[in-house]
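Remarks on the structure that follows.
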Amino acid sequence: MAGTALKRFLTRSLPVTGLFLLLLTALHLLSKSTTNSTHLGGSYPWLLLLNGIGLLILAVLILAHLIRLVGQYRRGIAGSRLTVRLVVMFVLLAFAPMAVVYYYSLQFLHRGIDSWFDVNVEQALDDALDLSRSSLDLRMRELLRDTQQMAGELSGVRDSLAVLSINDMRLKSGAAEVAMFAQNGHIIAASSVDPTQIVPERPSTAALIQLRQGHTYVGIDPPRDSGLFIRAVVWIPAGSAQSDVRILQALYPLPGRLSDQANSVQAAFARYHELTYLRKSLKLSFTLTLTLVLAASLMAAVWAAFFSARRLAEPIRILAEGTRAVAEGDYSRRLPLTSHDDMGFLVRSFNDMTRRIALTRDQATRSQYQVERQRAYLEAVLERLSSGVITLDADHSLHTVNAAAALILGLEPGDYSGNRLPAMVSSYPHLEQFCGVIVTHLDAGHPEWREEITVFASGGRQVLMLRGARLPASSGDQPGGYVIVFDDVTALIQAQRDAAWGEVARRLAHEIKNPLTPIQLSAERLRHKYLKQMSASEGQVLDSATHTIVQQVEAMKTMVNAFSEYARAPQVQQQPLQLNQLIGEVLDLYRGHEDWLDLHLQLDPQAPPVAADPGRLRQLLHNLMKNTLEALNGTPGSRIDITTRYIDDPNLRCVEFSLSDNGPGFPDAIFGQLFEPYVTTKPRGTGLGLAIVKKIVEEHNGMIAAENLAQGGARIVIRLPLPSAVDATPTTATQPALAGMRPGST
Amino acid sequence: MRLLALWCLLFCLAHPARAQDPAPGIHVREARSWLVDDVYQLRARIDYVLSTPVSDALTNGLPLIIELQVQVVRDYFGIWDQPVASLTQQYQLQYHALSRQYLLRNLNSTAQRSYPTEQAALDALGDIDALPMLDRHLLADGVHYDGKVRARLDIESLPTPLRLVAYFDADWRLVSEWYRWPVQH
């Protein structure tokens, strides 16, 4: 962590800090060169350029920061607003005192420079210069007079002798140099105090011009290394008409003290005037230097403001991004720990929080998954249950209705969630009793109850066994719902009844058939022994009586055999059987009634073999045909329709056999017990025909139903399973009901 | 056309002095070289007209450094010059308030002369006579050489505060064009 911070400092801050230090050094040197031009005067433009480049780099850095920040602000990046606020605040905090300091520094600077210059001082210097000039003028006039005197003495002296005279004069007058020139400027004679000075300096053009105008020239010679000199140039009058005029020039040194004082006054005057002239430039250069210092400081402060604001806002930006990620559901985001201060504490707390939220979410997801799995499991169980299950909310609204419940209650496929029981009654009137019983128990507040009810649906009478219980409260003060489990026990009750009838028949056959033979034998013995001994009239009575006994015993035997047949539980030998072929064979026996009966076959050639015992199935067909023919009773125009149909449904694969007639149909009085023994409308019927048919169907795990047709007549439908589905196909419960028909199980 | 002529007339009437005053600057009017005792000597006439700020600075005691640059070059097809010899003479012009003289000092030879007026000093400065340039033996026979001369005010020698102004003020940029002449030999 410390290494990262150091690396960040070295890569980001150090170069700019170095640049700023470099700039500061350059500014310092610039300031030095401004105040002292002798040392750094030559490098002034370079320092100026260096400072300008430094400031430009800083300005570019700041501009880059600014553009980046503005871009982030516009894009609404987290932390950018805080950064902007901090930058503005830092800049204002830095700018305000700097501006004040700058203003007053400028004021002090200008006033300081102005204070160097004073009218009195200037006047004093002017006066001092004038005084020096006056003093020198006096001296110059004296020396000019001396020179003129020397010129007078030299007048008329020949050139060859002039050299000696001049030397004497120079020594007497104290001049440093005395020289005599011809009018054309040629040197005639010269004498100098300096032996190395062989050639004297010629009079200046100005002096010569003055001489030609008839004047004399005296003036201060420009400063030399050995001090100030006074130069006097005069004409040497011609001594005779033959001789030429000459020019005499004398150079007098000023006394040391006077020379020093004059030089001092000149230097002070010149320096003061130079400074006066440079006043504006000085102000400008000092102002420029100060402005550069201010600009550098301000830019460094602005850069520092950007840097500091970014550093301060960085953890907040990271936090904001983390918060946004959490808001979008990403709990895996972990924020980098950049510091160990308060922000670091905040970041650690945030990471803990997201970790806990992620854990909680994972637990919730797992719980939800388990609940979903449990629910799917329960739904699967409910859907596979043969018992009907419905659950109700506390306000008696349906919550769950499983498939078996819908099947038993004859509900159309659909979602009944939220339907209240009264609404169900209005849609399905046959459920009135069913719903009434439930509501009664619910209103009574029974925690558990059980009741058997009989409902009359379109398919016939149904006996339902209902069991209800209150469900535990789902949460807190919310009351729990109710669960009602019910079974259609119609088939069960019928089976019990059939078993009871079978037992009755077996016992009847056993108990009645045994005494019948002795009764018959006794009656025949009575007839055989006493008929011959009786008179014709008495014999006739005996013969009639014994004949009746034997006949009735035979009838009773027949009836007992029929019972025995019904009660017998034969071993069904199932094998693949072509139902169409069997139907054809059986119906051949019933040909010969074409005068009054129209036998109409419509057999499905695609029908596969069924699993059936041929003998039992043949008996079934005989019973049905016999029953139908007896019902038609030779009525002309009668018609029997026999059809087979292969049903190839994923839930039901079977062959459906249907037999319908146009007879009178089943009487309503016995329609409910159509398949029960001893139910017959025929005077000589045993009442076991359809009961045996149903028994055979059930032996083959098939299904039988009967109905009266709307156009008249009756129809019986039998479904027989295919060989592969024999074991898996239950008899009644899971097979779809024969729509609108009376199930054979009733 | 008439309107233009009228404007010109009015301009000349309004600025008579300006029309007469030469523009500030340095102009090499003439330059030549002579061979004297196997040494090429330069003679040149240079006009110095100081701008007002420069003249003011001189009057206020600021020393001005004027640099005379002389080169003898070998000309390659008029495209490129190869310097054979270079010579730089520096003169210092300064006003001496006590003597009311303008001092002109040759910084190379330290020779000094004084002049009562600025113009006299500038005239003397512009009168270059017999300035030794180079030895004749340094030039190859049969090769054409050119002499080049120009003069300029040395801004770098000004006091630092004034230099800042001089960098950006055209009045301080006093520099002549190069003046070329063939070196006869």
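By convention here, the chains of the structure tokens are called A, B, ... in the order presented, each chain's residues are numbered starting at 1, and ligands are numbered starting at 1 in the order presented.
The list of residues with at least one atom within 12 Å of Ala130 (chain B), based on only C-alpha atoms and without residues fewer than 3 positions apart in the same chain, reads Ala31, Arg32, Ser33, Trp34, Leu35, Val36, Asp37, Val39, Tyr40, Gln41, Leu42, Arg43, Ala44, Arg45, Asp127, Met133 and Leu134 of chain B.
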* So which residues touch Gln82 (chain B) within 12 Å, counting only C-alpha atoms, skipping near sequence neighbours fewer than 5 positions away, as a ChimeraX atom specification? -> /B:71-77,144-148
* **All residues 9 Å or closer to Ala313 (chain A), only C-alpha atoms, same chain fewer than 5 positions away omitted, as a list in words** =>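 Residues meeting the cut-off are Gly79, Ser80, Leu82, Thr83, Leu86, Ser308 and Ile318 of chain A.
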* Output as a ChimeraX atom specification the set of chain B residues within 8 Å of chain A, with distances taken over only C-alpha atoms. => /B:57,60-62,96-99,101,103,113-116,156,159-162,164-165
Export N, CA and C atoms of the chosen residues as a compact mmCIF listing (two decimals), in the first residue's frame?
# COMPACT_ATOMS: atom_id res chain seq x y z
N ALA B 57 17.78 58.11 -24.58
CA ALA B 57 18.60 57.29 -23.69
C ALA B 57 20.04 57.80 -23.69
N ASN B 60 20.37 60.96 -21.78
CA ASN B 60 20.26 60.74 -20.35
C ASN B 60 21.43 59.96 -19.78
N GLY B 61 22.49 59.83 -20.57
CA GLY B 61 23.71 59.28 -20.02
C GLY B 61 23.90 57.79 -20.24
N LEU B 62 22.95 57.14 -20.91
CA LEU B 62 23.12 55.70 -21.14
C LEU B 62 24.14 55.48 -22.25
N HIS B 96 28.73 63.04 -22.07
CA HIS B 96 29.43 63.45 -20.85
C HIS B 96 28.86 64.80 -20.45
N ALA B 97 28.04 64.81 -19.39
CA ALA B 97 27.25 65.99 -19.04
C ALA B 97 28.15 67.15 -18.60
N LEU B 98 29.22 66.83 -17.88
CA LEU B 98 30.05 67.89 -17.32
C LEU B 98 30.72 68.70 -18.43
N SER B 99 31.20 67.96 -19.45
CA SER B 99 31.89 68.66 -20.54
C SER B 99 30.95 68.99 -21.69
N GLN B 101 29.96 66.98 -23.86
CA GLN B 101 30.56 66.35 -25.03
C GLN B 101 29.99 64.94 -25.21
N LEU B 103 31.10 61.38 -26.19
CA LEU B 103 32.34 60.63 -26.26
C LEU B 103 32.14 59.41 -27.14
N ARG B 113 37.37 59.84 -28.79
CA ARG B 113 37.27 61.21 -29.27
C ARG B 113 35.99 61.80 -28.70
N SER B 114 35.96 63.12 -28.62
CA SER B 114 34.77 63.79 -28.09
C SER B 114 34.21 64.72 -29.14
N TYR B 115 32.90 64.88 -29.10
CA TYR B 115 32.22 65.71 -30.09
C TYR B 115 31.19 66.55 -29.37
N PRO B 116 31.02 67.80 -29.81
CA PRO B 116 30.10 68.69 -29.10
C PRO B 116 28.64 68.33 -29.35
N GLU B 156 21.86 43.86 -26.41
CA GLU B 156 22.24 43.03 -25.27
C GLU B 156 23.09 43.80 -24.26
N PRO B 159 21.13 48.19 -20.24
CA PRO B 159 20.75 47.74 -18.90
C PRO B 159 19.54 46.81 -18.99
N THR B 160 19.50 45.81 -18.12
CA THR B 160 18.47 44.78 -18.21
C THR B 160 17.04 45.33 -18.26
N PRO B 161 16.68 46.27 -17.43
CA PRO B 161 15.29 46.75 -17.49
C PRO B 161 14.94 47.33 -18.86
N LEU B 162 15.94 48.02 -19.46
CA LEU B 162 15.67 48.64 -20.75
C LEU B 162 15.67 47.60 -21.87
N LEU B 164 14.36 44.70 -21.83
CA LEU B 164 13.03 44.11 -21.97
C LEU B 164 12.18 44.92 -22.94
N VAL B 165 12.30 46.28 -22.83
CA VAL B 165 11.56 47.15 -23.74
C VAL B 165 12.14 47.03 -25.14
* Take CA of Ala268 (chain A) and CA of Trp116 (chain A) and report the distance between them in Å, one decimal. => 13.4 Å
All residues 12 Å or closer to Val175 (chain B), only C-alpha atoms, same chain fewer than 2 positions away omitted, as a CSV table (one decimal) with C-alpha atoms, in the first residue's frame:
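Saved to selection-v9.csv:
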chain,number,residue,atom,x,y,z
B,24,PRO,CA,15.5,56.3,-37.9
B,25,GLY,CA,17.8,53.5,-38.8
B,26,ILE,CA,21.3,52.6,-39.9
B,27,HIS,CA,22.1,52.7,-43.6
B,28,VAL,CA,25.5,51.7,-45.1
B,46,ILE,CA,27.4,54.8,-42.8
B,47,ASP,CA,24.4,57.0,-41.9
B,48,TYR,CA,23.2,56.7,-38.3
B,49,VAL,CA,19.9,58.2,-37.5
B,50,LEU,CA,18.8,57.5,-34.0
B,51,SER,CA,15.2,57.0,-33.1
B,66,ILE,CA,27.3,50.1,-31.8
B,67,GLU,CA,28.7,47.2,-33.5
B,68,LEU,CA,30.3,47.2,-36.9
B,69,GLN,CA,30.5,43.7,-38.4
B,149,VAL,CA,29.6,45.2,-43.8
B,150,ARG,CA,26.7,46.1,-41.5
B,151,ALA,CA,26.2,48.1,-38.3
B,152,ARG,CA,23.8,47.6,-35.5
B,153,LEU,CA,22.9,48.8,-32.1
B,154,ASP,CA,23.8,46.2,-29.5
B,155,ILE,CA,20.6,45.7,-27.4
B,170,ALA,CA,10.9,48.5,-33.1
B,171,ASP,CA,12.5,51.9,-32.3
B,172,TRP,CA,15.3,50.0,-30.6
B,173,ARG,CA,16.0,47.6,-33.4
B,177,GLU,CA,21.3,45.6,-44.2
B,178,TRP,CA,24.4,43.8,-45.2
B,179,TYR,CA,26.3,45.9,-47.7
* If we count only C-alpha atoms, what is near Leu154 (chain A) at a cut-off of 10 Å, once residues fewer than 3 positions away on the same chain are taken out, given as a list in words? ->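 Once the adjacent positions are removed, what remains is Gln148, Gln149, Met150, Ala151, Val157, Arg158, Asp159, Leu161, Ala162, Ser165, Ile166, Met169, Met180, Ile236, Pro237, Ala238, Gly239, Arg246 and Leu248 of chain A.
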* Asked: Could you name the residues that touch Ala631 (chain A) at 9 Å or less, counting only C-alpha atoms, but leaving out those on the same chain fewer than 5 positions away, as a ChimeraX atom specification?
  -> /A:626,663-666,682
* **Atom pair CA of Leu93 (chain B) / CA of Val193 (chain A): separation (Å)** => 28.8 Å
* Where in chain B does DSSP assign strand (DSSP E), given as a PyMOL selection string? -> chain B and resi 25-36+39-49+64-76+80-96+101-106+112-115+127-135+145-153+179-183
* Structure fact -> What separates CA of Ala175 (chain A) and CA of Ser192 (chain A) is a distance of 8.2 Å
* From the DSSP assignment of the backbone, select every residue of region 282-405 of chain A that is helix (DSSP H, G or I), and format the answer as a count of residues only. => 92
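The nearest approach to Phe307 (chain A) among the residues A:Leu722, A:Ile62, A:Ile692, A:Met625, with only C-alpha atoms taken into account, belongs to A:Ile62.
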* Compare B:Ile79, B:Val70, B:Leu125, B:Val183 by their minimum atom-to-atom distance to Ala140 (chain B), counting only C-alpha atoms, and give me the closest one. =>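 The shortest atom-to-atom distance to Ala140 (chain B) comes from B:Val183.
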